>>> print(open('start-v1.cif').read())   # mmCIF, C-alpha atoms
data_input
#
loop_
_atom_site.group_PDB
_atom_site.id
_atom_site.type_symbol
_atom_site.label_atom_id
_atom_site.label_comp_id
_atom_site.auth_asym_id
_atom_site.auth_seq_id
_atom_site.Cartn_x
_atom_site.Cartn_y
_atom_site.Cartn_z
ATOM 1 C CA MET A 238 39.322 20.355 134.643
ATOM 2 C CA THR A 239 39.967 16.807 135.772
ATOM 3 C CA ARG A 240 36.644 15.032 136.168
ATOM 4 C CA THR A 241 37.898 11.862 137.866
ATOM 5 C CA ILE A 242 40.514 12.066 140.591
ATOM 6 C CA ASP A 243 42.317 9.035 141.925
ATOM 7 C CA LEU A 244 42.811 9.436 145.676
ATOM 8 C CA THR A 245 44.476 6.686 147.676
ATOM 9 C CA VAL A 246 43.011 6.484 151.175
ATOM 10 C CA PRO A 247 45.105 4.686 153.813
ATOM 11 C CA ASP A 248 43.616 1.472 155.163
ATOM 12 C CA GLN A 249 41.138 2.289 157.937
ATOM 13 C CA THR A 250 40.367 -1.287 159.016
ATOM 14 C CA GLY A 251 39.661 -1.483 162.739
ATOM 15 C CA ARG A 252 38.964 2.236 163.028
ATOM 16 C CA ARG A 253 35.681 3.967 163.826
ATOM 17 C CA ALA A 254 34.732 7.106 161.903
ATOM 18 C CA LEU A 255 31.910 9.483 162.770
ATOM 19 C CA VAL A 256 30.605 11.701 159.955
ATOM 20 C CA THR A 257 28.006 14.398 160.569
ATOM 21 C CA GLY A 258 25.712 15.292 157.702
ATOM 22 C CA GLY A 259 26.265 11.850 156.203
ATOM 23 C CA SER A 260 22.730 11.159 155.007
ATOM 24 C CA ASP A 261 23.147 12.993 151.686
ATOM 25 C CA GLY A 262 25.406 15.199 149.588
ATOM 26 C CA ILE A 263 29.084 15.538 150.382
ATOM 27 C CA GLY A 264 28.732 13.815 153.758
ATOM 28 C CA LEU A 265 27.279 10.674 152.197
ATOM 29 C CA ARG A 266 30.220 10.455 149.820
ATOM 30 C CA ILE A 267 32.727 11.053 152.614
ATOM 31 C CA ALA A 268 31.133 8.231 154.595
ATOM 32 C CA ARG A 269 31.157 5.939 151.564
ATOM 33 C CA ARG A 270 34.857 6.618 150.925
ATOM 34 C CA LEU A 271 35.811 5.905 154.531
ATOM 35 C CA ALA A 272 33.711 2.725 154.541
ATOM 36 C CA ALA A 273 35.444 1.597 151.341
ATOM 37 C CA ALA A 274 38.782 2.078 153.130
ATOM 38 C CA GLY A 275 37.639 -0.334 155.851
ATOM 39 C CA ALA A 276 36.380 2.006 158.580
ATOM 40 C CA GLU A 277 33.292 1.328 160.639
ATOM 41 C CA VAL A 278 31.235 4.438 159.910
ATOM 42 C CA LEU A 279 28.893 5.981 162.426
ATOM 43 C CA LEU A 280 26.226 8.230 160.904
ATOM 44 C CA PRO A 281 24.399 10.420 163.419
ATOM 45 C CA VAL A 282 21.371 11.779 161.538
ATOM 46 C CA ARG A 283 18.344 13.951 162.208
ATOM 47 C CA ASN A 284 16.072 12.190 159.706
ATOM 48 C CA SER A 285 16.026 8.449 160.416
ATOM 49 C CA ALA A 286 14.481 7.552 157.045
ATOM 50 C CA LYS A 287 17.175 9.453 155.138
ATOM 51 C CA GLY A 288 19.803 7.888 157.357
ATOM 52 C CA ALA A 289 18.525 4.378 156.687
ATOM 53 C CA ALA A 290 18.467 5.047 152.940
ATOM 54 C CA ALA A 291 22.036 6.399 153.065
ATOM 55 C CA ALA A 292 23.267 3.379 155.021
ATOM 56 C CA GLU A 293 21.601 1.018 152.557
ATOM 57 C CA ARG A 294 23.140 2.843 149.605
ATOM 58 C CA ILE A 295 26.625 2.622 151.104
ATOM 59 C CA ARG A 296 26.188 -1.089 151.878
ATOM 60 C CA ARG A 297 24.998 -1.665 148.323
ATOM 61 C CA GLU A 298 27.953 0.186 146.782
ATOM 62 C CA VAL A 299 30.553 -1.079 149.290
ATOM 63 C CA PRO A 300 29.888 -4.756 150.028
ATOM 64 C CA GLY A 301 30.672 -5.554 153.631
ATOM 65 C CA ALA A 302 30.511 -1.929 154.747
ATOM 66 C CA ARG A 303 29.838 -1.479 158.459
ATOM 67 C CA ILE A 304 27.435 1.436 158.958
ATOM 68 C CA LEU A 305 25.856 2.372 162.263
ATOM 69 C CA LEU A 306 23.041 4.918 162.652
ATOM 70 C CA ARG A 307 22.412 7.177 165.624
ATOM 71 C CA GLU A 308 20.113 10.142 166.205
ATOM 72 C CA LEU A 309 21.516 13.675 166.198
ATOM 73 C CA ASP A 310 20.129 17.150 165.648
ATOM 74 C CA LEU A 311 23.050 19.576 165.749
ATOM 75 C CA SER A 312 20.641 22.466 166.266
ATOM 76 C CA SER A 313 19.748 21.069 169.714
ATOM 77 C CA LEU A 314 22.321 20.950 172.499
ATOM 78 C CA ASP A 315 20.170 18.380 174.284
ATOM 79 C CA SER A 316 20.375 16.107 171.231
ATOM 80 C CA VAL A 317 24.145 16.601 171.019
ATOM 81 C CA ALA A 318 24.534 15.778 174.703
ATOM 82 C CA ALA A 319 22.350 12.673 174.383
ATOM 83 C CA LEU A 320 24.411 11.293 171.516
ATOM 84 C CA ALA A 321 27.693 11.988 173.288
ATOM 85 C CA GLU A 322 26.436 10.395 176.503
ATOM 86 C CA GLY A 323 25.255 7.306 174.639
ATOM 87 C CA LEU A 324 28.534 6.858 172.782
ATOM 88 C CA ARG A 325 30.572 7.379 175.946
ATOM 89 C CA ALA A 326 28.462 4.685 177.617
ATOM 90 C CA GLU A 327 29.247 2.302 174.735
ATOM 91 C CA GLY A 328 32.915 3.087 175.313
ATOM 92 C CA ASP A 329 34.258 2.499 171.795
ATOM 93 C CA PRO A 330 37.057 4.896 170.803
ATOM 94 C CA ILE A 331 36.537 7.221 167.848
ATOM 95 C CA HIS A 332 39.483 7.453 165.483
ATOM 96 C CA LEU A 333 38.080 9.846 162.855
ATOM 97 C CA LEU A 334 35.502 12.606 163.199
ATOM 98 C CA VAL A 335 34.404 14.586 160.151
ATOM 99 C CA GLY A 336 32.248 17.542 161.143
ATOM 100 C CA ASN A 337 30.584 18.085 157.799
ATOM 101 C CA ALA A 338 26.918 18.893 158.518
ATOM 102 C CA GLY A 339 25.735 22.420 157.946
ATOM 103 C CA VAL A 340 22.974 24.763 156.897
ATOM 104 C CA MET A 341 23.435 27.658 154.469
ATOM 105 C CA THR A 342 21.706 30.992 154.005
ATOM 106 C CA PRO A 343 18.128 30.651 155.209
ATOM 107 C CA PRO A 344 16.381 33.636 153.610
ATOM 108 C CA GLU A 345 14.970 34.735 156.966
ATOM 109 C CA ARG A 346 16.649 34.551 160.359
ATOM 110 C CA GLN A 347 15.840 31.317 162.168
ATOM 111 C CA THR A 348 16.937 30.001 165.538
ATOM 112 C CA THR A 349 17.941 26.662 167.001
ATOM 113 C CA ALA A 350 16.152 24.891 169.824
ATOM 114 C CA ASP A 351 18.440 26.810 172.195
ATOM 115 C CA GLY A 352 17.771 30.233 170.647
ATOM 116 C CA PHE A 353 20.981 30.618 168.630
ATOM 117 C CA GLU A 354 20.960 31.904 165.052
ATOM 118 C CA LEU A 355 20.490 28.723 163.035
ATOM 119 C CA GLN A 356 23.738 28.778 161.041
ATOM 120 C CA PHE A 357 25.985 29.754 163.946
ATOM 121 C CA GLY A 358 24.208 27.312 166.235
ATOM 122 C CA THR A 359 24.318 24.371 163.829
ATOM 123 C CA ASN A 360 27.506 24.873 161.847
ATOM 124 C CA HIS A 361 29.682 25.882 164.775
ATOM 125 C CA LEU A 362 28.166 25.548 168.254
ATOM 126 C CA GLY A 363 26.631 22.123 167.626
ATOM 127 C CA HIS A 364 29.961 20.728 166.446
ATOM 128 C CA PHE A 365 31.807 22.474 169.285
ATOM 129 C CA ALA A 366 29.554 20.774 171.839
ATOM 130 C CA LEU A 367 29.786 17.433 170.038
ATOM 131 C CA VAL A 368 33.594 17.393 170.080
ATOM 132 C CA ALA A 369 33.573 18.392 173.761
ATOM 133 C CA GLY A 370 31.152 15.606 174.626
ATOM 134 C CA LEU A 371 33.134 13.018 172.705
ATOM 135 C CA LEU A 372 36.553 14.165 173.890
ATOM 136 C CA PRO A 373 37.288 11.059 176.039
ATOM 137 C CA LEU A 374 36.576 8.782 173.055
ATOM 138 C CA LEU A 375 38.556 10.994 170.685
ATOM 139 C CA ARG A 376 41.501 11.000 173.062
ATOM 140 C CA GLU A 377 41.356 7.226 173.435
ATOM 141 C CA GLY A 378 41.361 6.848 169.647
ATOM 142 C CA ARG A 379 44.089 9.483 169.146
ATOM 143 C CA ALA A 380 41.592 10.833 166.682
ATOM 144 C CA ARG A 381 41.895 12.936 163.612
ATOM 145 C CA VAL A 382 39.186 15.593 163.557
ATOM 146 C CA ALA A 383 38.348 17.194 160.212
ATOM 147 C CA SER A 384 36.247 20.357 160.436
ATOM 148 C CA GLN A 385 34.530 21.137 157.137
ATOM 149 C CA ILE A 386 34.551 24.877 156.634
ATOM 150 C CA SER A 387 33.803 26.716 153.398
ATOM 151 C CA ILE A 388 35.360 29.019 150.873
ATOM 152 C CA ALA A 389 32.993 31.535 152.472
ATOM 153 C CA ALA A 390 35.329 31.530 155.479
ATOM 154 C CA ASN A 391 37.621 33.669 153.315
ATOM 155 C CA GLN A 392 35.160 36.546 153.284
ATOM 156 C CA GLY A 393 33.270 38.540 155.869
ATOM 157 C CA ALA A 394 34.058 38.316 159.567
ATOM 158 C CA VAL A 395 32.853 36.927 162.855
ATOM 159 C CA GLN A 396 30.079 39.206 164.093
ATOM 160 C CA TRP A 397 31.626 39.520 167.547
ATOM 161 C CA ASP A 398 29.148 42.077 168.882
ATOM 162 C CA ASP A 399 26.105 40.152 167.618
ATOM 163 C CA LEU A 400 26.981 36.469 167.220
ATOM 164 C CA ASN A 401 23.298 35.581 166.944
ATOM 165 C CA TRP A 402 22.521 38.172 164.250
ATOM 166 C CA GLN A 403 19.625 39.654 166.179
ATOM 167 C CA ARG A 404 20.000 43.203 164.832
ATOM 168 C CA SER A 405 20.577 43.035 161.075
ATOM 169 C CA TYR A 406 20.399 39.480 159.724
ATOM 170 C CA ASP A 407 22.118 38.771 156.425
ATOM 171 C CA GLY A 408 22.090 35.098 155.423
ATOM 172 C CA MET A 409 25.398 35.036 153.556
ATOM 173 C CA ARG A 410 27.288 37.132 156.096
ATOM 174 C CA ALA A 411 25.921 34.983 158.917
ATOM 175 C CA TYR A 412 27.010 31.851 157.046
ATOM 176 C CA SER A 413 30.539 33.220 156.612
ATOM 177 C CA SER A 414 30.656 34.165 160.282
ATOM 178 C CA SER A 415 29.648 30.639 161.321
ATOM 179 C CA LYS A 416 32.283 29.042 159.124
ATOM 180 C CA ILE A 417 35.046 31.391 160.278
ATOM 181 C CA ALA A 418 34.113 30.578 163.878
ATOM 182 C CA TYR A 419 34.163 26.859 163.126
ATOM 183 C CA GLY A 420 37.539 27.118 161.417
ATOM 184 C CA LEU A 421 39.011 29.083 164.322
ATOM 185 C CA PHE A 422 37.729 26.373 166.669
ATOM 186 C CA GLY A 423 39.295 23.599 164.581
ATOM 187 C CA LEU A 424 42.711 25.255 164.700
ATOM 188 C CA GLU A 425 42.414 26.029 168.412
ATOM 189 C CA LEU A 426 41.451 22.411 169.084
ATOM 190 C CA ASP A 427 44.737 21.302 167.561
ATOM 191 C CA ARG A 428 46.731 23.837 169.594
ATOM 192 C CA ARG A 429 45.045 22.831 172.843
ATOM 193 C CA SER A 430 45.464 19.157 172.052
ATOM 194 C CA ARG A 431 49.199 19.603 171.647
ATOM 195 C CA ALA A 432 49.474 21.790 174.748
ATOM 196 C CA GLY A 433 47.388 19.430 176.880
ATOM 197 C CA GLY A 434 48.607 16.117 175.482
ATOM 198 C CA TRP A 435 45.154 15.100 174.215
ATOM 199 C CA GLY A 436 46.577 13.154 171.262
ATOM 200 C CA ILE A 437 44.072 14.642 168.798
ATOM 201 C CA THR A 438 45.057 16.013 165.396
ATOM 202 C CA SER A 439 42.603 18.631 164.159
ATOM 203 C CA ASN A 440 42.614 19.634 160.498
ATOM 204 C CA LEU A 441 40.372 21.821 158.337
ATOM 205 C CA SER A 442 38.907 21.166 154.925
ATOM 206 C CA HIS A 443 36.698 22.925 152.467
ATOM 207 C CA PRO A 444 35.088 21.359 149.406
ATOM 208 C CA GLY A 445 35.384 24.294 147.029
ATOM 209 C CA VAL A 446 32.212 24.882 145.070
ATOM 210 C CA ALA A 447 30.113 21.978 143.805
ATOM 211 C CA PRO A 448 26.444 21.277 142.998
ATOM 212 C CA THR A 449 25.436 19.972 146.420
ATOM 213 C CA SER A 450 22.206 20.419 148.353
ATOM 214 C CA LEU A 451 23.316 23.406 150.445
ATOM 215 C CA LEU A 452 21.916 25.988 148.012
ATOM 216 C CA ALA A 453 19.179 23.775 146.615
ATOM 217 C CA ALA A 454 15.533 23.921 147.652
ATOM 218 C CA ARG A 455 15.349 23.392 151.413
ATOM 219 C CA PRO A 456 11.788 23.878 152.670
ATOM 220 C CA GLU A 457 12.923 23.209 156.238
ATOM 221 C CA VAL A 458 14.971 26.433 156.195
ATOM 222 C CA GLY A 459 12.409 28.465 154.263
ATOM 223 C CA ARG A 460 13.795 28.009 150.740
ATOM 224 C CA ALA A 461 11.112 26.576 148.494
ATOM 225 C CA ASP A 462 13.132 26.569 145.262
ATOM 226 C CA ASP A 463 16.709 26.078 144.103
ATOM 227 C CA THR A 464 18.740 29.269 144.201
ATOM 228 C CA ARG A 465 20.096 30.899 141.061
ATOM 229 C CA GLU A 466 23.570 30.183 142.392
ATOM 230 C CA VAL A 467 23.091 26.420 142.558
ATOM 231 C CA ARG A 468 21.589 26.344 139.071
ATOM 232 C CA LEU A 469 24.675 28.133 137.741
ATOM 233 C CA ILE A 470 26.991 25.839 139.716
ATOM 234 C CA ARG A 471 25.287 22.769 138.228
ATOM 235 C CA TRP A 472 25.682 24.172 134.708
ATOM 236 C CA LEU A 473 29.394 24.923 135.222
ATOM 237 C CA SER A 474 30.081 21.614 136.948
ATOM 238 C CA ALA A 475 28.445 19.579 134.193
ATOM 239 C CA ARG A 476 30.779 21.239 131.677
ATOM 240 C CA GLY A 477 33.952 21.035 133.752
ATOM 241 C CA ILE A 478 34.263 24.796 134.094
ATOM 242 C CA VAL A 479 36.126 26.065 137.188
ATOM 243 C CA VAL A 480 33.975 24.466 139.899
ATOM 244 C CA GLY A 481 34.095 20.923 141.257
ATOM 245 C CA THR A 482 31.727 17.985 141.149
ATOM 246 C CA VAL A 483 29.851 15.966 143.727
ATOM 247 C CA GLU A 484 32.618 13.372 143.413
ATOM 248 C CA THR A 485 35.571 15.760 143.897
ATOM 249 C CA ALA A 486 34.048 17.916 146.656
ATOM 250 C CA PRO A 487 34.316 15.246 149.420
ATOM 251 C CA LEU A 488 38.008 14.561 148.818
ATOM 252 C CA PRO A 489 39.546 17.398 150.872
ATOM 253 C CA ALA A 490 37.691 16.215 153.991
ATOM 254 C CA VAL A 491 38.773 12.621 153.344
ATOM 255 C CA LEU A 492 42.376 13.821 153.118
ATOM 256 C CA ALA A 493 42.025 15.920 156.277
ATOM 257 C CA ALA A 494 40.715 12.901 158.173
ATOM 258 C CA THR A 495 43.194 10.291 156.971
ATOM 259 C CA VAL A 496 46.420 11.730 155.521
ATOM 260 C CA GLY A 497 49.351 13.634 156.981
ATOM 261 C CA GLU A 498 51.320 13.562 160.182
ATOM 262 C CA GLU A 499 50.641 14.880 163.658
ATOM 263 C CA GLY A 500 52.343 18.060 164.749
ATOM 264 C CA ARG A 501 50.420 20.896 163.129
ATOM 265 C CA SER A 502 46.964 21.602 161.820
ATOM 266 C CA ARG A 503 46.468 21.692 158.055
ATOM 267 C CA LEU A 504 43.868 22.964 155.623
ATOM 268 C CA TYR A 505 42.952 20.833 152.624
ATOM 269 C CA SER A 506 40.935 22.203 149.712
ATOM 270 C CA PRO A 507 40.746 21.955 145.912
ATOM 271 C CA ARG A 508 43.857 23.333 144.229
ATOM 272 C CA GLY A 509 42.191 24.631 141.065
ATOM 273 C CA LEU A 510 41.513 28.239 140.103
ATOM 274 C CA GLY A 511 40.273 30.166 143.117
ATOM 275 C CA ARG A 512 40.298 26.893 145.104
ATOM 276 C CA LEU A 513 36.844 26.280 143.612
ATOM 277 C CA GLY A 514 37.455 22.835 142.159
ATOM 278 C CA GLY A 515 40.032 20.273 141.168
ATOM 279 C CA ALA A 516 42.209 17.788 142.994
ATOM 280 C CA PRO A 517 42.594 18.230 146.765
ATOM 281 C CA ALA A 518 45.826 19.489 148.269
ATOM 282 C CA GLU A 519 47.192 21.129 151.390
ATOM 283 C CA GLN A 520 46.700 24.903 151.272
ATOM 284 C CA ARG A 521 47.737 27.872 153.341
ATOM 285 C CA VAL A 522 45.294 28.596 156.162
ATOM 286 C CA LEU A 523 42.782 31.276 155.161
ATOM 287 C CA SER A 524 43.659 34.769 156.356
ATOM 288 C CA ARG A 525 40.602 35.122 158.589
ATOM 289 C CA LEU A 526 41.616 31.997 160.521
ATOM 290 C CA ARG A 527 45.196 32.967 161.384
ATOM 291 C CA SER A 528 44.602 34.967 164.574
ATOM 292 C CA GLU A 529 45.274 32.865 167.667
ATOM 293 C CA ALA A 530 43.649 35.594 169.751
ATOM 294 C CA ASP A 531 40.439 35.249 167.740
ATOM 295 C CA ALA A 532 40.603 31.465 168.095
ATOM 296 C CA ALA A 533 40.940 31.670 171.874
ATOM 297 C CA ARG A 534 38.122 34.206 171.950
ATOM 298 C CA ILE A 535 35.690 32.054 169.963
ATOM 299 C CA TRP A 536 36.566 29.089 172.195
ATOM 300 C CA ALA A 537 35.685 31.089 175.307
ATOM 301 C CA GLU A 538 32.516 32.509 173.735
ATOM 302 C CA SER A 539 31.434 29.029 172.659
ATOM 303 C CA GLU A 540 31.892 27.616 176.134
ATOM 304 C CA ARG A 541 29.915 30.515 177.564
ATOM 305 C CA MET A 542 27.070 30.244 175.057
ATOM 306 C CA THR A 543 26.682 26.469 175.174
ATOM 307 C CA GLY A 544 27.522 25.924 178.824
ATOM 308 C CA VAL A 545 29.825 23.136 177.623
ATOM 309 C CA ALA A 546 33.383 23.073 178.922
ATOM 310 C CA PHE A 547 36.177 20.925 177.560
ATOM 311 C CA PRO A 548 37.736 18.654 180.201
ATOM 312 C CA ALA A 549 41.189 19.856 181.190
ATOM 313 C CA ALA A 550 40.754 22.966 179.034
ATOM 314 C CA ALA A 551 42.062 25.083 181.863
ATOM 315 C CA ASN A 552 45.342 23.178 181.752
ATOM 316 C CA ALA A 553 45.788 23.515 178.015
ATOM 317 C CA THR A 554 46.515 27.082 176.992
ATOM 318 C CA ALA A 555 46.993 28.026 173.373
ATOM 319 C CA SER A 556 50.580 28.142 172.230
#
>>> encode(input="start-v1.cif", output="structure tokens")
Amino acid sequence: MTRTIDLTVPDQTGRRALVTGGSDGIGLRIARRLAAAGAEVLLPVRNSAKGAAAAERIRREVPGARILLRELDLSSLDSVAALAEGLRAEGDPIHLLVGNAGVMTPPERQTTADGFELQFGTNHLGHFALVAGLLPLLREGRARVASQISIAANQGAVQWDDLNWQRSYDGMRAYSSSKIAYGLFGLELDRRSRAGGWGITSNLSHPGVAPTSLLAARPEVGRADDTREVRLIRWLSARGIVVGTVETAPLPAVLAATVGEEGRSRLYSPRGLGRLGGAPAEQRVLSRLRSEADAARIWAESERMTGVAFPAAANATAS
């Protein structure tokens, strides 16, 4: 498998990019790549110390990089609303938004500050509310929104009758459900943008499989040690077998945020065996994301659950 991939990123000088989950892992590398292309990068982070360290690392590796830090906890709708309100008050348009942050497979069911199952609330609902709150700035910037899903969105299903997994929690199935929901939202956002004239292009990406922190020890979600899966992924990645690397995994999201034309939503992922690793490329939308009825349904459910409505949503019906 190719270990180094040369990806040309269009010049982003004069553009503002917001990257969630940018304080480590894939998000940090996405932010670094966009900064290297000239973008001013906004990193909304939950942990201010990690955020400051990430910003310093990017500035050290990309001389002249413009990195701005803000506070954000995607598991709190109040935090999401506060960030959106603050950025709207500043008034600067957002040209790129990469919704990359996420949490994966807590061993026991946990909830957000608002009582949602942690993965559904963070991976999907938090980003849904963030995009809604930032919509005026995204419209002004004719933004490209890249929603980072997962290869897990190609398995399982949305748990429509129990979105919060209150009856029979299963960490992996709940993770898949959250990522399917998020992918359906990303595609519906593009449809509604075109129908309502919002000027936003919404694409999807997934990083394949790489040795990131998602399956590593995460005491904050109840996982004291690295999982067996991440240890295997590290072993395969180090030997160039099937899966990707920490350097290749960010590239699909970078493509989704910067490359391609308006007109239809696209999915970018690795093009290697099983879409697990390799160079990024446009791919066919995953089967579980193709139902426009499901996309409209998750949009309505998300508005109901969060109490957040998209401006002019009533005038923009899915096509």
>>> closest_residue(input="start-v1.cif", among="A:Ser260, A:Asp351, A:Leu375, A:Val368", to="Gly328 (chain A)", atoms="all atoms listed in the file")
A:Leu375
>>> resolve_selection(input="start-v1.cif", expression="the PyMOL selection byres ((chain A and resi 481-498) around 6)", output="number ranges by chain")
A: 263, 267, 381, 383, 440, 442, 444, 446-447, 474, 480, 499, 505-506, 514-515, 517
>>> resolve_selection(input="start-v1.cif", expression="the PyMOL selection byres ((chain A and resi 532) around 8)", output="VMD selection string")
chain A and resid 418 421 to 422 424 to 425 526 528 to 531 533 to 536
>>> write_last_selection(input="start-v1.cif", atoms="C-alpha atoms", output="PDB file, keeping the file's coordinate frame")
ATOM      1  CA  ALA A 418      34.113  30.578 163.878  1.00  0.00           C
ATOM      2  CA  LEU A 421      39.011  29.083 164.322  1.00  0.00           C
ATOM      3  CA  PHE A 422      37.729  26.373 166.669  1.00  0.00           C
ATOM      4  CA  LEU A 424      42.711  25.255 164.700  1.00  0.00           C
ATOM      5  CA  GLU A 425      42.414  26.029 168.412  1.00  0.00           C
ATOM      6  CA  LEU A 526      41.616  31.997 160.521  1.00  0.00           C
ATOM      7  CA  SER A 528      44.602  34.967 164.574  1.00  0.00           C
ATOM      8  CA  GLU A 529      45.274  32.865 167.667  1.00  0.00           C
ATOM      9  CA  ALA A 530      43.649  35.594 169.751  1.00  0.00           C
ATOM     10  CA  ASP A 531      40.439  35.249 167.740  1.00  0.00           C
ATOM     11  CA  ALA A 533      40.940  31.670 171.874  1.00  0.00           C
ATOM     12  CA  ARG A 534      38.122  34.206 171.950  1.00  0.00           C
ATOM     13  CA  ILE A 535      35.690  32.054 169.963  1.00  0.00           C
ATOM     14  CA  TRP A 536      36.566  29.089 172.195  1.00  0.00           C
TER      15      TRP A 536
END
>>> resolve_selection(input="start-v1.cif", expression="the PyMOL selection byres ((chain A and resi 330) around 7)", output="list in words")
Gly328, Asp329, Ile331, His332, Leu374, Leu375, Glu377 and Gly378 of chain A
>>> closest_residue(input="start-v1.cif", among="A:Pro448, A:Gly434, A:Gly420, A:Gly262", to="Leu523 (chain A)", atoms="only C-alpha atoms")
A:Gly420
>>> closest_residue(input="start-v1.cif", among="A:Ser430, A:Asn284, A:Thr250, A:Ser539", to="Asp310 (chain A)", atoms="only C-alpha atoms")
A:Asn284
>>> axis_aligned_box(input="start-v1.cif", around="region 302-317 of chain A", padding_each_side="5 Å", output="JSON")
{"center_x": 25.1, "center_y": 10.3, "center_z": 164.5, "size_x": 20.8, "size_y": 34.4, "size_z": 29.5}
>>> atom_distance(input="start-v1.cif", atom1="CA of Gly259 (chain A)", atom2="CA of Leu280 (chain A)")
5.9 Å
>>> residues_around(input="start-v1.cif", residues="region 407-409 of chain A", least_positions_apart="6", cutoff="8 Å", atoms="only C-alpha atoms", output="list in words")
Met341, Thr342, Pro343, Pro344, Glu345 and Arg346 of chain A
>>> atom_distance(input="start-v1.cif", atom1="CA of Ala318 (chain A)", atom2="CA of Gly433 (chain A)")
23.2 Å
>>> residues_around(input="start-v1.cif", residues="Thr349 (chain A)", least_positions_apart="5", cutoff="10 Å", atoms="all atoms listed in the file", output="PDB file with C-alpha atoms, keeping the file's coordinate frame")
ATOM      1  CA  ASP A 310      20.129  17.150 165.648  1.00  0.00           C
ATOM      2  CA  LEU A 311      23.050  19.576 165.749  1.00  0.00           C
ATOM      3  CA  SER A 312      20.641  22.466 166.266  1.00  0.00           C
ATOM      4  CA  SER A 313      19.748  21.069 169.714  1.00  0.00           C
ATOM      5  CA  LEU A 314      22.321  20.950 172.499  1.00  0.00           C
ATOM      6  CA  GLU A 354      20.960  31.904 165.052  1.00  0.00           C
ATOM      7  CA  LEU A 355      20.490  28.723 163.035  1.00  0.00           C
ATOM      8  CA  GLN A 356      23.738  28.778 161.041  1.00  0.00           C
ATOM      9  CA  PHE A 357      25.985  29.754 163.946  1.00  0.00           C
ATOM     10  CA  GLY A 358      24.208  27.312 166.235  1.00  0.00           C
ATOM     11  CA  THR A 359      24.318  24.371 163.829  1.00  0.00           C
ATOM     12  CA  GLY A 363      26.631  22.123 167.626  1.00  0.00           C
TER      13      GLY A 363
END
>>> atom_distance(input="start-v1.cif", atom1="CA of Ile304 (chain A)", atom2="CA of Leu426 (chain A)")
27.2 Å
>>> closest_residue(input="start-v1.cif", among="A:Leu367, A:Ala274, A:Pro548, A:Thr543", to="Ala350 (chain A)", atoms="all atoms listed in the file")
A:Thr543
>>> closest_residue(input="start-v1.cif", among="A:His443, A:Arg410, A:Arg296, A:Arg253", to="Leu333 (chain A)", atoms="all atoms listed in the file")
A:Arg253
>>> residues_around(input="start-v1.cif", residues="region 276-278 of chain A", least_positions_apart="4", cutoff="7 Å", atoms="all atoms listed in the file", output="PyMOL selection string")
chain A and resi 249-255+268+271-272+303-305
>>> closest_atom_pairs(input="start-v1.cif", of="region 283-379 of chain A", to="region 385-391 of chain A", cutoff="10 Å", atoms="all atoms listed in the file", output="JSON lines")
{"residue": "A:Val335", "atom": "CA", "partner": "A:Gln385", "partner_atom": "CA", "distance": 7.2}
{"residue": "A:Gly336", "atom": "CA", "partner": "A:Gln385", "partner_atom": "CA", "distance": 5.8}
{"residue": "A:Asn337", "atom": "CA", "partner": "A:Gln385", "partner_atom": "CA", "distance": 5.0}
{"residue": "A:Ala338", "atom": "CA", "partner": "A:Gln385", "partner_atom": "CA", "distance": 8.1}
{"residue": "A:Gly339", "atom": "CA", "partner": "A:Gln385", "partner_atom": "CA", "distance": 8.9}
{"residue": "A:Asn360", "atom": "CA", "partner": "A:Ile386", "partner_atom": "CA", "distance": 8.8}
{"residue": "A:His361", "atom": "CA", "partner": "A:Ile386", "partner_atom": "CA", "distance": 9.5}
>>> write_last_selection(input="start-v1.cif", atoms="C-alpha atoms", output="CSV table (one decimal), keeping the file's coordinate frame")
chain,number,residue,atom,x,y,z
A,335,VAL,CA,34.4,14.6,160.2
A,336,GLY,CA,32.2,17.5,161.1
A,337,ASN,CA,30.6,18.1,157.8
A,338,ALA,CA,26.9,18.9,158.5
A,339,GLY,CA,25.7,22.4,157.9
A,360,ASN,CA,27.5,24.9,161.8
A,361,HIS,CA,29.7,25.9,164.8
>>> residues_around(input="start-v1.cif", residues="Ser502 (chain A)", least_positions_apart="4", cutoff="9 Å", atoms="all atoms listed in the file", output="list of chain:residue names")
A:Gly423, A:Leu424, A:Asp427, A:Arg428, A:Thr438, A:Ser439, A:Asn440, A:Leu441
>>> closest_residue(input="start-v1.cif", among="A:Glu538, A:Glu308, A:Asp261, A:Glu519", to="Gln396 (chain A)", atoms="only C-alpha atoms")
A:Glu538
